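This is coords_33.pdb. It holds PDB, C-alpha atoms.
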ATOM      1  CA  MET W  27     -20.264 -17.167  15.500
ATOM      2  CA  HIS W  28     -19.454 -13.916  17.289
ATOM      3  CA  THR W  29     -15.860 -12.776  17.239
ATOM      4  CA  ASP W  30     -14.284  -9.717  18.822
ATOM      5  CA  THR W  31     -11.190  -9.604  16.628
ATOM      6  CA  TYR W  32     -10.502  -8.363  13.123
ATOM      7  CA  LYS W  33      -7.495  -8.260  10.806
ATOM      8  CA  THR W  34      -5.729  -5.400   9.078
ATOM      9  CA  ILE W  35      -2.269  -4.848   7.617
ATOM     10  CA  ARG W  36       0.583  -3.784   9.847
ATOM     11  CA  THR W  37       2.427  -1.501   7.408
ATOM     12  CA  SER W  38       2.249  -0.261   3.831
ATOM     13  CA  VAL W  39       3.126  -2.808   1.135
ATOM     14  CA  THR W  40       3.263  -2.939  -2.654
ATOM     15  CA  GLY W  41       2.444  -5.490  -5.309
ATOM     16  CA  ILE W  42       2.851  -5.614  -9.075
ATOM     17  CA  TYR W  43       1.211  -7.168 -12.114
ATOM     18  CA  LYS W  44       2.301  -6.894 -15.741
ATOM     19  CA  ASP W  45       0.422  -7.770 -18.925
ATOM     20  CA  LYS W  46       1.086  -6.804 -22.571
ATOM     21  CA  GLY W  47       3.321  -3.922 -21.587
ATOM     22  CA  SER W  48       0.933  -2.441 -19.028
ATOM     23  CA  LYS W  49       2.224  -2.267 -15.472
ATOM     24  CA  PHE W  50      -0.110  -2.268 -12.468
ATOM     25  CA  ILE W  51       1.398  -1.203  -9.133
ATOM     26  CA  ALA W  52      -0.741  -1.898  -6.061
ATOM     27  CA  LEU W  53      -0.102   0.166  -2.942
ATOM     28  CA  ALA W  54      -1.814  -1.099   0.206
ATOM     29  CA  HIS W  55      -1.909   1.160   3.260
ATOM     30  CA  PRO W  56      -3.402   0.868   6.760
ATOM     31  CA  ALA W  57      -6.237   3.402   7.118
ATOM     32  CA  ASP W  58      -9.081   3.399   9.614
ATOM     33  CA  ASN W  59     -11.117   6.353   8.382
ATOM     34  CA  GLU W  60     -12.037   8.152   5.169
ATOM     35  CA  GLU W  61      -9.972  11.248   5.903
ATOM     36  CA  MET W  62      -6.805   9.184   6.296
ATOM     37  CA  ALA W  63      -7.601   7.222   3.137
ATOM     38  CA  ARG W  64      -8.226  10.374   1.084
ATOM     39  CA  GLU W  65      -4.969  11.959   2.267
ATOM     40  CA  THR W  66      -3.033   8.820   1.330
ATOM     41  CA  LEU W  67      -4.796   8.615  -2.036
ATOM     42  CA  ALA W  68      -3.919  12.256  -2.789
ATOM     43  CA  ALA W  69      -0.266  11.615  -1.915
ATOM     44  CA  ILE W  70      -0.168   8.563  -4.201
ATOM     45  CA  LYS W  71      -1.727  10.503  -7.085
ATOM     46  CA  LYS W  72       0.925  13.165  -6.635
ATOM     47  CA  GLN W  73       3.754  10.620  -6.460
ATOM     48  CA  TYR W  74       2.495   8.673  -9.493
ATOM     49  CA  HIS W  75       1.206  11.698 -11.395
ATOM     50  CA  ASP W  76       2.359  10.245 -14.731
ATOM     51  CA  ALA W  77       0.236   7.084 -14.404
ATOM     52  CA  ARG W  78      -2.874   6.828 -16.549
ATOM     53  CA  HIS W  79      -5.185   5.510 -13.831
ATOM     54  CA  HIS W  80      -5.275   5.555 -10.017
ATOM     55  CA  CYS W  81      -7.986   3.030  -9.141
ATOM     56  CA  TYR W  82      -8.738   2.259  -5.522
ATOM     57  CA  ALA W  83     -10.868   0.671  -2.852
ATOM     58  CA  TRP W  84     -11.035   1.129   0.900
ATOM     59  CA  VAL W  85     -12.713  -0.900   3.615
ATOM     60  CA  PHE W  86     -13.297   0.188   7.232
ATOM     61  CA  GLY W  87     -14.923  -1.306  10.319
ATOM     62  CA  PRO W  88     -14.583  -4.669  12.059
ATOM     63  CA  ASP W  89     -17.429  -6.053   9.928
ATOM     64  CA  GLN W  90     -16.018  -4.588   6.645
ATOM     65  CA  SER W  91     -19.312  -2.692   6.255
ATOM     66  CA  VAL W  92     -17.881   0.729   5.289
ATOM     67  CA  TYR W  93     -16.328   0.732   1.834
ATOM     68  CA  ARG W  94     -15.834   2.630  -1.386
ATOM     69  CA  TYR W  95     -14.245   1.816  -4.713
ATOM     70  CA  ASN W  96     -13.497   3.757  -7.885
ATOM     71  CA  ASP W  97     -12.523   2.774 -11.441
ATOM     72  CA  ASP W  98     -10.874   6.143 -12.245
ATOM     73  CA  GLY W  99     -11.683   6.002 -15.947
ATOM     74  CA  GLU W 100     -11.319   2.278 -16.505
ATOM     75  CA  PRO W 101     -14.422   0.462 -17.850
ATOM     76  CA  SER W 102     -17.064   0.136 -15.126
ATOM     77  CA  GLY W 103     -16.514  -2.815 -12.810
ATOM     78  CA  THR W 104     -13.023  -3.690 -14.058
ATOM     79  CA  ALA W 105     -10.857  -2.017 -11.418
ATOM     80  CA  GLY W 106     -12.364  -0.744  -8.164
ATOM     81  CA  ARG W 107     -14.674  -3.693  -7.637
ATOM     82  CA  PRO W 108     -11.929  -6.337  -8.150
ATOM     83  CA  ILE W 109      -9.660  -4.436  -5.739
ATOM     84  CA  HIS W 110     -12.469  -4.344  -3.162
ATOM     85  CA  GLY W 111     -13.142  -8.038  -3.711
ATOM     86  CA  GLN W 112      -9.536  -8.972  -2.971
ATOM     87  CA  ILE W 113      -9.582  -7.012   0.300
ATOM     88  CA  LEU W 114     -12.714  -8.897   1.358
ATOM     89  CA  SER W 115     -11.292 -12.239   0.220
ATOM     90  CA  ALA W 116      -8.219 -11.645   2.368
ATOM     91  CA  GLY W 117     -10.488 -11.003   5.369
ATOM     92  CA  LEU W 118      -8.998  -7.547   5.938
ATOM     93  CA  THR W 119     -10.377  -4.187   6.977
ATOM     94  CA  ASP W 120      -9.112  -0.686   7.823
ATOM     95  CA  VAL W 121      -7.141  -0.737   4.588
ATOM     96  CA  LEU W 122      -6.786   1.325   1.408
ATOM     97  CA  VAL W 123      -5.481  -0.216  -1.799
ATOM     98  CA  VAL W 124      -4.606   2.008  -4.746
ATOM     99  CA  VAL W 125      -3.565   0.403  -8.034
ATOM    100  CA  VAL W 126      -1.799   2.745 -10.453
ATOM    101  CA  ARG W 127      -1.639   1.701 -14.101
ATOM    102  CA  TYR W 128       0.951   2.576 -16.677
ATOM    103  CA  PHE W 129      -0.537   1.812 -20.094
ATOM    104  CA  GLY W 130       1.557  -0.375 -22.369
ATOM    105  CA  GLY W 131      -0.161   0.439 -25.647
ATOM    106  CA  THR W 132      -2.283  -2.710 -25.947
ATOM    107  CA  LYS W 133      -5.832  -2.902 -24.629
ATOM    108  CA  LEU W 134      -6.417  -5.796 -22.267
ATOM    109  CA  GLY W 135     -10.193  -6.116 -22.523
ATOM    110  CA  VAL W 136     -12.616  -6.444 -19.626
ATOM    111  CA  ARG W 137     -11.377  -9.841 -18.424
ATOM    112  CA  GLY W 138      -7.753  -8.793 -18.760
ATOM    113  CA  LEU W 139      -8.327  -5.650 -16.703
ATOM    114  CA  ILE W 140     -10.195  -7.521 -13.968
ATOM    115  CA  ASN W 141      -7.374 -10.068 -13.744
ATOM    116  CA  ALA W 142      -4.768  -7.310 -13.651
ATOM    117  CA  TYR W 143      -6.366  -5.299 -10.835
ATOM    118  CA  LYS W 144      -7.119  -8.481  -8.883
ATOM    119  CA  GLY W 145      -3.612  -9.792  -9.438
ATOM    120  CA  ALA W 146      -1.821  -6.604  -8.392
ATOM    121  CA  THR W 147      -3.970  -6.274  -5.255
ATOM    122  CA  LYS W 148      -3.503  -9.922  -4.304
ATOM    123  CA  ASP W 149       0.264  -9.612  -4.728
ATOM    124  CA  ALA W 150       0.363  -6.611  -2.381
ATOM    125  CA  LEU W 151      -1.851  -8.193   0.274
ATOM    126  CA  ASP W 152       0.069 -11.477   0.083
ATOM    127  CA  ASN W 153       3.181  -9.458   0.989
ATOM    128  CA  ALA W 154       1.510  -7.787   3.977
ATOM    129  CA  ALA W 155       2.217  -8.521   7.620
ATOM    130  CA  ILE W 156      -1.190  -9.116   9.183
ATOM    131  CA  LEU W 157      -2.176  -7.461  12.455
ATOM    132  CA  THR W 158      -5.034  -8.874  14.543
ATOM    133  CA  ARG W 159      -6.873  -6.259  16.585
ATOM    134  CA  ILE W 160      -9.277  -6.797  19.459
ATOM    135  CA  ILE W 161     -12.633  -5.014  19.548
ATOM    136  CA  GLU W 162     -13.127  -3.363  22.929
ATOM    137  CA  ASP W 163     -15.960  -1.675  24.791
ATOM    138  CA  HIS W 164     -15.042   1.076  27.250
ATOM    139  CA  PHE W 165     -16.772   1.466  30.591
ATOM    140  CA  GLU W 166     -16.695   4.262  33.136
ATOM    141  CA  ILE W 167     -16.866   3.026  36.728
ATOM    142  CA  ARG W 168     -17.803   5.384  39.582
ATOM    143  CA  PHE W 169     -17.747   4.529  43.276
ATOM    144  CA  GLU W 170     -17.006   5.911  46.716
ATOM    145  CA  TYR W 171     -13.538   5.360  48.153
ATOM    146  CA  PRO W 172     -14.592   2.677  50.726
ATOM    147  CA  LEU W 173     -15.521   0.417  47.781
ATOM    148  CA  MET W 174     -12.008   0.593  46.330
ATOM    149  CA  ASN W 175     -10.980  -2.936  47.377
ATOM    150  CA  ASP W 176     -14.099  -4.517  45.872
ATOM    151  CA  VAL W 177     -13.615  -2.663  42.584
ATOM    152  CA  MET W 178      -9.912  -3.531  42.406
ATOM    153  CA  ARG W 179     -10.680  -7.179  43.107
ATOM    154  CA  LEU W 180     -12.852  -7.343  39.984
ATOM    155  CA  ILE W 181     -10.331  -5.414  37.911
ATOM    156  CA  LYS W 182      -7.680  -7.956  38.903
ATOM    157  CA  GLU W 183     -10.039 -10.884  38.350
ATOM    158  CA  PHE W 184     -10.843  -9.789  34.784
ATOM    159  CA  GLU W 185      -7.269  -8.541  34.143
ATOM    160  CA  LEU W 186      -8.483  -5.095  33.082
ATOM    161  CA  ASP W 187      -6.348  -2.062  32.308
ATOM    162  CA  GLN W 188      -7.231   1.211  34.022
ATOM    163  CA  ARG W 189      -7.393   4.622  32.358
ATOM    164  CA  ASP W 190      -8.381   8.146  33.387
ATOM    165  CA  GLN W 191      -8.221   7.345  37.075
ATOM    166  CA  GLU W 192      -9.520   9.746  39.705
ATOM    167  CA  PHE W 193      -9.090   8.532  43.271
ATOM    168  CA  ALA W 194     -10.539  10.793  45.965
ATOM    169  CA  LEU W 195     -13.578  10.490  48.222
ATOM    170  CA  SER W 196     -15.496   9.855  45.010
ATOM    171  CA  CYS W 197     -13.544   7.753  42.536
ATOM    172  CA  SER W 198     -13.829   7.053  38.830
ATOM    173  CA  LEU W 199     -11.886   5.169  36.204
ATOM    174  CA  VAL W 200     -12.276   3.905  32.660
ATOM    175  CA  VAL W 201     -11.609   0.302  31.676
ATOM    176  CA  PRO W 202     -11.377  -1.145  28.146
ATOM    177  CA  VAL W 203     -12.977  -4.593  27.982
ATOM    178  CA  ARG W 204     -12.813  -7.243  25.281
ATOM    179  CA  GLN W 205     -16.220  -7.287  23.648
ATOM    180  CA  CYS W 206     -16.674 -11.039  24.150
ATOM    181  CA  ILE W 207     -16.657 -10.618  27.967
ATOM    182  CA  SER W 208     -18.247  -7.172  28.012
ATOM    183  CA  ASP W 209     -21.630  -8.300  29.364
ATOM    184  CA  GLN W 210     -19.992 -10.473  32.017
ATOM    185  CA  VAL W 211     -17.818  -7.634  33.290
ATOM    186  CA  ARG W 212     -20.676  -5.149  33.301
ATOM    187  CA  SER W 213     -22.872  -7.544  35.286
ATOM    188  CA  ALA W 214     -20.140  -8.174  37.860
ATOM    189  CA  PHE W 215     -19.712  -4.463  38.581
ATOM    190  CA  GLU W 216     -23.476  -3.852  38.624
ATOM    191  CA  ASN W 217     -23.726  -6.491  41.348
ATOM    192  CA  LEU W 218     -21.442  -4.408  43.599
ATOM    193  CA  HIS W 219     -23.808  -2.285  45.689
ATOM    194  CA  GLY W 220     -22.921   1.406  45.327
ATOM    195  CA  VAL W 221     -20.884   1.008  42.124
ATOM    196  CA  ARG W 222     -22.149   2.735  38.981
ATOM    197  CA  ILE W 223     -20.969   1.552  35.574
ATOM    198  CA  ARG W 224     -21.868   2.847  32.148
ATOM    199  CA  LYS W 225     -20.695   2.049  28.651
ATOM    200  CA  LEU W 226     -19.008   4.978  26.922
ATOM    201  CA  GLU W 227     -20.035   5.989  23.447
ATOM    202  CA  GLN W 228     -17.400   5.836  20.732
ATOM    203  CA  GLY W 229     -16.630   9.550  20.894
ATOM    204  CA  GLU W 230     -16.230   9.465  24.677
ATOM    205  CA  ALA W 231     -13.656   6.680  24.747
ATOM    206  CA  GLY W 232     -10.311   8.300  24.196
TER     207      GLY W 232
END
Would you kindly transcribe this structure into C-alpha coordinates?
Amino acid sequence: MHTDTYKTIRTSVTGIYKDKGSKFIALAHPADNEEMARETLAAIKKQYHDARHHCYAWVFGPDQSVYRYNDDGEPSGTAGRPIHGQILSAGLTDVLVVVVRYFGGTKLGVRGLINAYKGATKDALDNAAILTRIIEDHFEIRFEYPLMNDVMRLIKEFELDQRDQEFALSCSLVVPVRQCISDQVRSAFENLHGVRIRKLEQGEAG
(Lines of atoms letter the chains of each structure in order from A and count residues from 1; the text may use other names and numbers.)
(Lines give C-alpha, C1' and ligand atoms only; values in the text may rest on other atoms or scores of the structure.)
Protein backbone atom coordinates (compact mmCIF):
# COMPACT_ATOMS: atom_id res chain seq x y z
CA MET A 1 0.00 0.00 0.00
CA HIS A 2 1.45 3.35 -1.04
CA THR A 3 1.88 5.95 1.65
CA ASP A 4 3.19 9.50 1.38
CA THR A 5 4.12 9.92 5.04
CA TYR A 6 7.05 8.81 7.15
CA LYS A 7 8.05 9.11 10.81
CA THR A 8 11.09 10.59 12.48
CA ILE A 9 11.89 11.92 15.95
CA ARG A 10 11.04 15.48 16.86
CA THR A 11 14.03 16.25 19.11
CA SER A 12 17.12 14.60 20.55
CA VAL A 13 16.52 12.02 23.29
CA THR A 14 18.59 9.67 25.42
CA GLY A 15 18.21 6.16 26.75
CA ILE A 16 20.23 3.98 29.09
CA TYR A 17 20.99 0.32 29.72
CA LYS A 18 23.16 -1.18 32.45
CA ASP A 19 24.57 -4.69 32.80
CA LYS A 20 27.37 -6.05 35.03
CA GLY A 21 28.79 -2.61 35.66
CA SER A 22 28.83 -1.54 32.01
CA LYS A 23 26.72 1.49 31.16
CA PHE A 24 25.31 2.05 27.67
CA ILE A 25 24.01 5.55 26.90
CA ALA A 26 21.98 5.89 23.70
CA LEU A 27 21.73 9.31 22.09
CA ALA A 28 19.13 9.62 19.34
CA HIS A 29 19.18 12.71 17.12
CA PRO A 30 17.13 13.89 14.13
CA ALA A 31 19.36 13.92 11.03
CA ASP A 32 18.31 13.88 7.39
CA ASN A 33 21.69 13.60 5.68
CA GLU A 34 25.12 12.08 6.19
CA GLU A 35 26.89 15.39 6.76
CA MET A 36 24.55 16.27 9.63
CA ALA A 37 24.93 12.78 11.11
CA ARG A 38 28.73 12.89 10.93
CA GLU A 39 28.85 16.31 12.60
CA THR A 40 26.61 15.09 15.41
CA LEU A 41 28.65 11.90 15.79
CA ALA A 42 31.88 13.92 16.04
CA ALA A 43 30.34 16.15 18.72
CA ILE A 44 29.20 13.11 20.72
CA LYS A 45 32.65 11.51 20.51
CA LYS A 46 34.15 14.73 21.81
CA GLN A 47 31.60 15.02 24.63
CA TYR A 48 31.98 11.37 25.66
CA HIS A 49 35.70 11.13 24.89
CA ASP A 50 36.30 8.90 27.93
CA ALA A 51 33.88 6.18 26.77
CA ARG A 52 35.36 2.97 25.41
CA HIS A 53 33.06 2.64 22.41
CA HIS A 54 30.89 4.99 20.32
CA CYS A 55 28.75 2.63 18.24
CA TYR A 56 26.14 4.04 15.90
CA ALA A 57 23.62 3.64 13.13
CA TRP A 58 21.83 6.13 10.91
CA VAL A 59 18.87 5.76 8.59
CA PHE A 60 17.72 8.28 5.95
CA GLY A 61 14.96 8.47 3.35
CA PRO A 62 11.21 7.90 3.51
CA ASP A 63 11.74 4.22 2.63
CA GLN A 64 14.62 3.78 5.16
CA SER A 65 16.84 2.74 2.23
CA VAL A 66 19.94 4.81 3.10
CA TYR A 67 21.72 3.53 6.19
CA ARG A 68 25.04 2.85 7.84
CA TYR A 69 26.09 1.22 11.08
CA ASN A 70 29.39 0.73 12.90
CA ASP A 71 30.52 -1.47 15.80
CA ASP A 72 33.46 0.80 16.77
CA GLY A 73 35.61 -2.03 18.09
CA GLU A 74 32.89 -4.22 19.56
CA PRO A 75 32.66 -7.79 18.16
CA SER A 76 31.19 -7.75 14.65
CA GLY A 77 27.41 -7.62 14.57
CA THR A 78 26.93 -6.93 18.29
CA ALA A 79 26.43 -3.16 18.28
CA GLY A 80 25.78 -1.28 15.03
CA ARG A 81 23.44 -3.86 13.56
CA PRO A 82 21.22 -4.10 16.70
CA ILE A 83 21.02 -0.29 16.84
CA HIS A 84 20.00 -0.20 13.16
CA GLY A 85 17.46 -2.95 13.77
CA GLN A 86 15.76 -0.99 16.55
CA ILE A 87 15.44 2.09 14.33
CA LEU A 88 13.76 -0.03 11.66
CA SER A 89 11.54 -1.78 14.21
CA ALA A 90 10.33 1.60 15.45
CA GLY A 91 9.43 2.55 11.87
CA LEU A 92 11.66 5.63 11.97
CA THR A 93 13.95 7.35 9.50
CA ASP A 94 16.08 10.51 9.27
CA VAL A 95 17.64 9.57 12.59
CA LEU A 96 21.09 8.92 14.07
CA VAL A 97 21.53 6.81 17.19
CA VAL A 98 24.90 6.69 18.93
CA VAL A 99 25.37 4.35 21.88
CA VAL A 100 28.40 5.11 24.05
CA ARG A 101 29.66 2.36 26.34
CA TYR A 102 31.48 2.69 29.61
CA PHE A 103 33.07 -0.69 30.37
CA GLY A 104 32.34 -2.13 33.79
CA GLY A 105 35.14 -4.68 33.92
CA THR A 106 33.09 -7.78 33.09
CA LYS A 107 32.67 -9.05 29.54
CA LEU A 108 29.07 -9.50 28.50
CA GLY A 109 29.50 -11.94 25.63
CA VAL A 110 27.90 -11.68 22.20
CA ARG A 111 24.30 -12.10 23.38
CA GLY A 112 24.82 -9.71 26.27
CA LEU A 113 26.23 -7.03 23.98
CA ILE A 114 23.40 -7.40 21.46
CA ASN A 115 20.83 -7.08 24.24
CA ALA A 116 22.62 -4.05 25.67
CA TYR A 117 22.82 -2.09 22.41
CA LYS A 118 19.25 -3.05 21.52
CA GLY A 119 18.02 -2.15 24.99
CA ALA A 120 19.71 1.25 25.15
CA THR A 121 18.46 2.18 21.67
CA LYS A 122 14.92 1.03 22.41
CA ASP A 123 14.87 3.04 25.64
CA ALA A 124 15.90 6.20 23.77
CA LEU A 125 13.41 5.75 20.94
CA ASP A 126 10.61 4.90 23.38
CA ASN A 127 11.26 8.31 24.98
CA ALA A 128 11.11 10.15 21.65
CA ALA A 129 8.30 12.40 20.48
CA ILE A 130 7.41 11.15 17.01
CA LEU A 131 6.97 13.54 14.10
CA THR A 132 5.04 12.47 11.00
CA ARG A 133 6.21 14.14 7.80
CA ILE A 134 4.45 14.29 4.45
CA ILE A 135 6.31 13.45 1.24
CA GLU A 136 5.74 16.19 -1.33
CA ASP A 137 6.41 16.69 -5.02
CA HIS A 138 7.06 20.24 -6.21
CA PHE A 139 5.68 21.57 -9.47
CA GLU A 140 6.43 24.73 -11.41
CA ILE A 141 3.38 26.18 -13.15
CA ARG A 142 3.75 28.73 -15.97
CA PHE A 143 0.91 30.59 -17.66
CA GLU A 144 -0.08 33.90 -19.19
CA TYR A 145 -1.85 36.43 -16.98
CA PRO A 146 -5.35 35.97 -18.57
CA LEU A 147 -5.32 32.37 -17.24
CA MET A 148 -4.83 33.53 -13.65
CA ASN A 149 -8.42 32.82 -12.53
CA ASP A 150 -8.37 29.27 -13.92
CA VAL A 151 -5.04 28.52 -12.23
CA MET A 152 -6.16 30.00 -8.90
CA ARG A 153 -9.38 28.00 -9.04
CA LEU A 154 -7.39 24.76 -9.13
CA ILE A 155 -5.00 25.93 -6.44
CA LYS A 156 -7.99 26.63 -4.19
CA GLU A 157 -9.68 23.37 -5.14
CA PHE A 158 -6.62 21.30 -4.18
CA GLU A 159 -5.76 23.58 -1.22
CA LEU A 160 -2.21 24.14 -2.46
CA ASP A 161 0.37 26.52 -1.03
CA GLN A 162 2.13 28.89 -3.42
CA ARG A 163 5.85 29.64 -3.48
CA ASP A 164 8.22 31.66 -5.66
CA GLN A 165 5.41 33.60 -7.28
CA GLU A 166 6.00 35.83 -10.29
CA PHE A 167 2.89 37.62 -11.53
CA ALA A 168 3.35 39.73 -14.66
CA LEU A 169 2.23 39.27 -18.26
CA SER A 170 3.86 35.85 -17.99
CA CYS A 171 3.33 34.25 -14.60
CA SER A 172 4.96 31.40 -12.72
CA LEU A 173 4.70 29.82 -9.30
CA VAL A 174 5.80 26.70 -7.46
CA VAL A 175 3.38 24.48 -5.55
CA PRO A 176 4.24 21.62 -3.16
CA VAL A 177 1.80 18.73 -3.57
CA ARG A 178 1.22 15.69 -1.39
CA GLN A 179 2.62 12.75 -3.31
CA CYS A 180 -0.62 10.75 -3.06
CA ILE A 181 -2.50 13.36 -5.15
CA SER A 182 0.46 14.39 -7.29
CA ASP A 183 -0.74 12.73 -10.50
CA GLN A 184 -4.26 14.10 -10.04
CA VAL A 185 -3.03 17.66 -9.60
CA ARG A 186 -0.64 17.44 -12.53
CA SER A 187 -3.40 16.13 -14.81
CA ALA A 188 -5.79 18.91 -13.78
CA PHE A 189 -3.29 21.63 -14.68
CA GLU A 190 -2.29 19.90 -17.92
CA ASN A 191 -5.95 20.00 -18.94
CA LEU A 192 -5.91 23.82 -18.75
CA HIS A 193 -5.09 24.96 -22.28
CA GLY A 194 -2.04 27.26 -22.23
CA VAL A 195 -0.79 26.19 -18.79
CA ARG A 196 2.60 24.48 -18.58
CA ILE A 197 3.46 22.37 -15.54
CA ARG A 198 6.61 20.45 -14.78
CA LYS A 199 7.83 18.49 -11.80
CA LEU A 200 10.95 19.97 -10.20
CA GLU A 201 13.92 17.79 -9.45
CA GLN A 202 15.00 17.49 -5.83
CA GLY A 203 17.77 20.06 -6.16
CA GLU A 204 15.45 22.59 -7.80
CA ALA A 205 12.81 22.54 -5.08
CA GLY A 206 13.95 24.95 -2.44
Expressed in Å, the length from CA of Glu60 in chain W to CA of Tyr43 in chain W is 26.6 Å
- Near-Ile70 in chain W list (12 Å; only C-alpha atoms; drop same-chain fewer than 4 positions) as a PyMOL selection string: chain W and resi 51-55+63-66+74-77+79-82+122-126
task = Kindly resolve the PyMOL selection byres ((chain W and resi 135-137) around 12) on the present coordinates and return the residues as a PyMOL selection string.
result = chain W and resi 45-46+100-105+108+132-134+138-145
Find the spatial neighbours of range 187-195 of chain W, counting only C-alpha atoms, within a cut-off of 7 Å - ignore same-chain residues fewer than 6 positions away - and output them as a list in words.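 My reading of the contact set: Glu170, Tyr171, Val201 and Pro202 of chain W.
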Exercise. Which residues come within 6 Å of range 214-227 of chain W, counting all atoms listed in the file, excluding same-chain residues fewer than 4 positions away, as number ranges by chain?
Worked result: W: 164-169
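The interatomic distance for the pair CA of Ser198 in chain W and CA of Thr31 in chain W works out to 27.9 Å.
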Evaluated on this file, the PyMOL selection byres ((chain W and resi 49) around 8) picks out some residues - which ones are they, written as JSON, numbers by chain?
{"W": [42, 43, 44, 45, 47, 48, 50, 51, 127, 128, 129, 130]}
message = Excluding Tyr93 in chain W and its own-chain neighbours fewer than 2 positions away, which residues fall within 9 Å of it when counting all atoms listed in the file? Please give them as number ranges by chain.
response = W: 83-87, 90-91, 95, 110
Discussion item. Could you tell me, as a list in words, exactly which residues end up selected when the PyMOL selection byres ((chain W and resi 158) around 7) is applied to this structure?
Written reply: Thr31, Tyr32, Lys33, Thr34, Ile156, Leu157, Arg159 and Ile160 of chain W
For Thr147 in chain W, which of W:Gln112, W:Gln228, W:Cys206, W:Arg78 is the closest residue, counting all atoms listed in the file?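 Among the listed residues, W:Gln112 lies closest to Thr147 in chain W.
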Problem - CA of Asp163 in chain W to CA of Glu61 in chain W, distance in Å rounded to a single decimal - result: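 Pair CA of Asp163 in chain W / CA of Glu61 in chain W returns 23.7 Å.
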Min atom-atom distance to Lys148 in chain W from the set W:Ala68, W:Ile113, W:Val177, W:Cys197, counting all atoms listed in the file, belongs to W:Ile113
Centre and size of axis-aligned box enclosing range 177-184 of chain W plus 6 Å each side, as AutoDock Vina command-line options:
--center_x -10.6 --center_y -6.8 --center_z 38.9 --size_x 17.9 --size_y 20.2 --size_z 20.3
Would you kindly place N, CA and C atoms on range 154-183 of chain W and return the model as a tab-separated table (two decimals), in the coordinates of the input?
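After the write, out-v7.tsv holds the following:
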chain	number	residue	atom	x	y	z
W	154	ALA	N	1.77	-8.58	2.77
W	154	ALA	CA	1.51	-7.79	3.98
W	154	ALA	C	1.68	-8.61	5.25
W	155	ALA	N	2.22	-7.95	6.27
W	155	ALA	CA	2.22	-8.52	7.62
W	155	ALA	C	0.85	-8.22	8.22
W	156	ILE	N	0.18	-9.25	8.70
W	156	ILE	CA	-1.19	-9.12	9.18
W	156	ILE	C	-1.20	-8.82	10.68
W	157	LEU	N	-2.02	-7.85	11.06
W	157	LEU	CA	-2.18	-7.46	12.46
W	157	LEU	C	-3.60	-7.79	12.90
W	158	THR	N	-3.72	-8.56	13.99
W	158	THR	CA	-5.03	-8.87	14.54
W	158	THR	C	-5.34	-7.90	15.67
W	159	ARG	N	-6.46	-7.21	15.56
W	159	ARG	CA	-6.87	-6.26	16.58
W	159	ARG	C	-8.08	-6.79	17.35
W	160	ILE	N	-8.18	-6.38	18.60
W	160	ILE	CA	-9.28	-6.80	19.46
W	160	ILE	C	-10.29	-5.66	19.55
W	161	ILE	N	-11.56	-6.01	19.40
W	161	ILE	CA	-12.63	-5.01	19.55
W	161	ILE	C	-12.93	-4.86	21.04
W	162	GLU	N	-12.92	-3.62	21.50
W	162	GLU	CA	-13.13	-3.36	22.93
W	162	GLU	C	-14.31	-2.42	23.16
W	163	ASP	N	-15.01	-2.65	24.25
W	163	ASP	CA	-15.96	-1.68	24.79
W	163	ASP	C	-15.26	-0.96	25.94
W	164	HIS	N	-15.63	0.30	26.16
W	164	HIS	CA	-15.04	1.08	27.25
W	164	HIS	C	-16.13	1.42	28.26
W	165	PHE	N	-15.81	1.20	29.52
W	165	PHE	CA	-16.77	1.47	30.59
W	165	PHE	C	-16.19	2.46	31.59
W	166	GLU	N	-17.05	3.37	32.04
W	166	GLU	CA	-16.70	4.26	33.14
W	166	GLU	C	-17.28	3.69	34.42
W	167	ILE	N	-16.43	3.58	35.44
W	167	ILE	CA	-16.87	3.03	36.73
W	167	ILE	C	-16.74	4.12	37.78
W	168	ARG	N	-17.81	4.37	38.51
W	168	ARG	CA	-17.80	5.38	39.58
W	168	ARG	C	-18.18	4.73	40.90
W	169	PHE	N	-17.49	5.14	41.96
W	169	PHE	CA	-17.75	4.53	43.28
W	169	PHE	C	-17.14	5.42	44.36
W	170	GLU	N	-17.58	5.20	45.58
W	170	GLU	CA	-17.01	5.91	46.72
W	170	GLU	C	-15.75	5.17	47.19
W	171	TYR	N	-14.85	5.92	47.79
W	171	TYR	CA	-13.54	5.36	48.15
W	171	TYR	C	-13.62	4.07	48.99
W	172	PRO	N	-14.55	3.93	49.94
W	172	PRO	CA	-14.59	2.68	50.73
W	172	PRO	C	-14.82	1.41	49.89
W	173	LEU	N	-15.29	1.58	48.64
W	173	LEU	CA	-15.52	0.42	47.78
W	173	LEU	C	-14.31	0.07	46.92
W	174	MET	N	-13.20	0.77	47.15
W	174	MET	CA	-12.01	0.59	46.33
W	174	MET	C	-11.57	-0.87	46.25
W	175	ASN	N	-11.48	-1.56	47.37
W	175	ASN	CA	-10.98	-2.94	47.38
W	175	ASN	C	-11.87	-3.86	46.55
W	176	ASP	N	-13.18	-3.68	46.65
W	176	ASP	CA	-14.10	-4.52	45.87
W	176	ASP	C	-13.93	-4.28	44.37
W	177	VAL	N	-13.80	-3.01	44.00
W	177	VAL	CA	-13.62	-2.66	42.58
W	177	VAL	C	-12.30	-3.23	42.06
W	178	MET	N	-11.22	-3.05	42.84
W	178	MET	CA	-9.91	-3.53	42.41
W	178	MET	C	-9.86	-5.06	42.32
W	179	ARG	N	-10.64	-5.71	43.16
W	179	ARG	CA	-10.68	-7.18	43.11
W	179	ARG	C	-11.24	-7.64	41.76
W	180	LEU	N	-12.29	-6.98	41.28
W	180	LEU	CA	-12.85	-7.34	39.98
W	180	LEU	C	-11.92	-6.97	38.83
W	181	ILE	N	-11.27	-5.83	38.95
W	181	ILE	CA	-10.33	-5.41	37.91
W	181	ILE	C	-9.20	-6.43	37.78
W	182	LYS	N	-8.73	-6.93	38.93
W	182	LYS	CA	-7.68	-7.96	38.90
W	182	LYS	C	-8.22	-9.28	38.36
W	183	GLU	N	-9.43	-9.62	38.77
W	183	GLU	CA	-10.04	-10.88	38.35
W	183	GLU	C	-10.20	-10.95	36.83
